[in-house]
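Inspection log for the structure reproduced underneath, given as structure tokens.
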Amino acid sequence: MIALVIMLSCASSPRQAGTIPAQEPALSGEAPVPVVQAEKEIPFRDALLARILDCLGAGDFDGALALFDEFPEEDAKTAEIRLLKTSVYVSAGRVSEGRDAANGVIADEPQNPDAFYALFMVEAAAGNKQAMRKAVDTALKIDKDHLPSLNALGTIHARNDSWALAVTQFDKVLAIDPANLAALTGKAEVFRFQGLSAEAMPLANQAVALHPDKMQGYVIRGQLLRGSGEMGPALADFVSAEQLAPRDYWVCYDKGRTLLSLGRPDEAFAAFERAITLDGTQFVAYIYSAGILADRGDYAKAEARYVEAVKRNPDYFYAYEGLGMLKMKNKEYAAARDAFLAAYAKAPSENGYAVLAALNALRVQKLFEVKPFLESAMRLAKRDTLDYAILRMLNDFNGDANVARQIDAEKDTFLKGKSAFYLAEFYDICNKAALANAYYEKCRETGRRDTVEWRLNQWKMEERDLLVQASPPAGKVSVEH
């Protein structure tokens, strides 16, 4: 939303405003006349703006837009009100109307940089990168020190991974306004993406100190704290952010992820559920809530959540991963194959998806039907890796002894655990139950609960009654991506 600060003329409450009128002394024996304070009248324009803000705070964008019709004509014609309406259109997802509103102001005031910044926000909502840049560049040609546009250009550079250029833009803003919240948090975000937490944290602390009533500083600081493993302080920041912005989807999402890392899945689930109610078009909260549902054993609901995530973002491979995992558990091998194939198509560097797709394919297809896919996957995998050895084993239906030796020698528990599961599945397909059981146990022993293979392995061991006497390995369940 466009950052428009609306200053209401009534700074104090009506009961505090005004003066006490002069009173005649009360006659002896009579009750004193009550003193009545005269309430200061709030200008209609400011009262209407306050009502619009109330609607926005409640997420009632249609109600906010309807209130613009109540402005007197002289107010409704001003650029300030028209650009505010533009921002509400953007928040409501009515991009075309927002574009028309911004262009209308530009037609009337072609030298107004705020109008071009408003157009930038419209085009950002539409995902039109070239139009975004054109709008910002035009605003800065009109006013080279236009702070919102300088910040916007910094954001554009950051999205393009042009870190140095982004920092330069945010520094330009801070040279003019050292307390600028967007520049402080924007620069901190750039450092965070670069893994420079030590450089980012002072900026985040400064943002909180200078703007304790704004949620942005708490959010970036919470993200930095979570990234450094300080989950308790991170949660405190996200709670503060939520109090300031209770209808912000991403604050709820960050809070949920942190609660999940703290081992509080029920509270995390509630946070993700609230995020979904705030914005059902976003997909990531569906992924995390699905993972928690799967951990609870509510597989049907978990699968439905993964399906919803796929609908909202067909390019997000983790949704296909979760869907494939549940289909595999239910022995719907063809559907599991298709889900992992979809995940692999979106993330071709993830050889594990290729292996899982092939393992499920081998349960419903003949080997010669699977070979073309395996040969293609082998060409993309590095030859000196365990992944390549496993893909070759599946393609040749031989070489398991070589894979077993590499698994035994592997020091990385992540690679060791998932590879042990793949070999166990291969032996299961070959009807070699004893060998399969031995490698399911090897996977469990790694304790790498943060992998899809570990979860699949647990289900396999439960199905085969292999967990009856096995104590669970140390570690914390994690469904974070």
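Convention: chains lettered A, B, ... in structure tokens order; per-chain residue numbering from 1; ligands numbered from 1 as shown.
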
Write out as an mmCIF file with C-alpha atoms, in the first residue's frame which residues come within 12 Å of Thr168 (chain A) when counting only C-alpha atoms, dropping same-chain ones fewer than 6 positions away.
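Output contents, as saved in part-v9.cif:
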```
data_model
loop_
_atom_site.group_PDB
_atom_site.id
_atom_site.type_symbol
_atom_site.label_atom_id
_atom_site.label_comp_id
_atom_site.auth_asym_id
_atom_site.auth_seq_id
_atom_site.Cartn_x
_atom_site.Cartn_y
_atom_site.Cartn_z
ATOM 1 C CA LEU A 150 14.379 6.375 -4.134
ATOM 2 C CA ASN A 151 13.245 3.612 -1.786
ATOM 3 C CA LEU A 153 14.316 1.968 -6.838
ATOM 4 C CA GLY A 154 16.277 0.358 -4.022
ATOM 5 C CA THR A 155 13.613 -2.330 -3.774
ATOM 6 C CA HIS A 157 17.534 -3.394 -7.374
ATOM 7 C CA ALA A 158 17.169 -5.754 -4.413
ATOM 8 C CA SER A 162 21.774 -6.021 -7.424
ATOM 9 C CA LEU A 174 19.197 7.998 4.734
ATOM 10 C CA ALA A 175 21.512 10.877 3.817
ATOM 11 C CA ALA A 183 15.254 2.861 3.945
ATOM 12 C CA GLY A 186 15.123 -1.976 3.123
ATOM 13 C CA LYS A 187 18.863 -1.808 3.697
ATOM 14 C CA VAL A 190 19.404 -6.467 1.634
#
```

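Distance annotation: of A:Glu375, A:Asp450, A:Asp248, A:Glu463, the residue with the minimal separation from Gly59 (chain A) is A:Asp248; atom set is only C-alpha atoms.
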
**Asked** Hey, can you check how far CA of Gly93 (chain A) sits from CA of Ala125 (chain A)?
**Response** 7.8 Å

**Message:** I need the residues of region 333-430 of chain A that end up classed as helix (DSSP H, G or I) by DSSP on the backbone, written out as a count of residues only.
**Reply:** 80

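Around Lys460 (chain A), within 10 Å and counting only C-alpha atoms, the residues found are Lys329, Phe421, Ala424, Glu425, Asn437, Tyr440, Trp454, Arg455, Leu456, Asn457, Gln458, Glu462, Glu463, Arg464, Asp465, Leu466 and Leu467 of chain A, once anything fewer than 2 positions away on its own chain is removed.
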
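What separates CA of Asp177 (chain A) from CA of Ala204 (chain A) is a distance of 16.0 Å.
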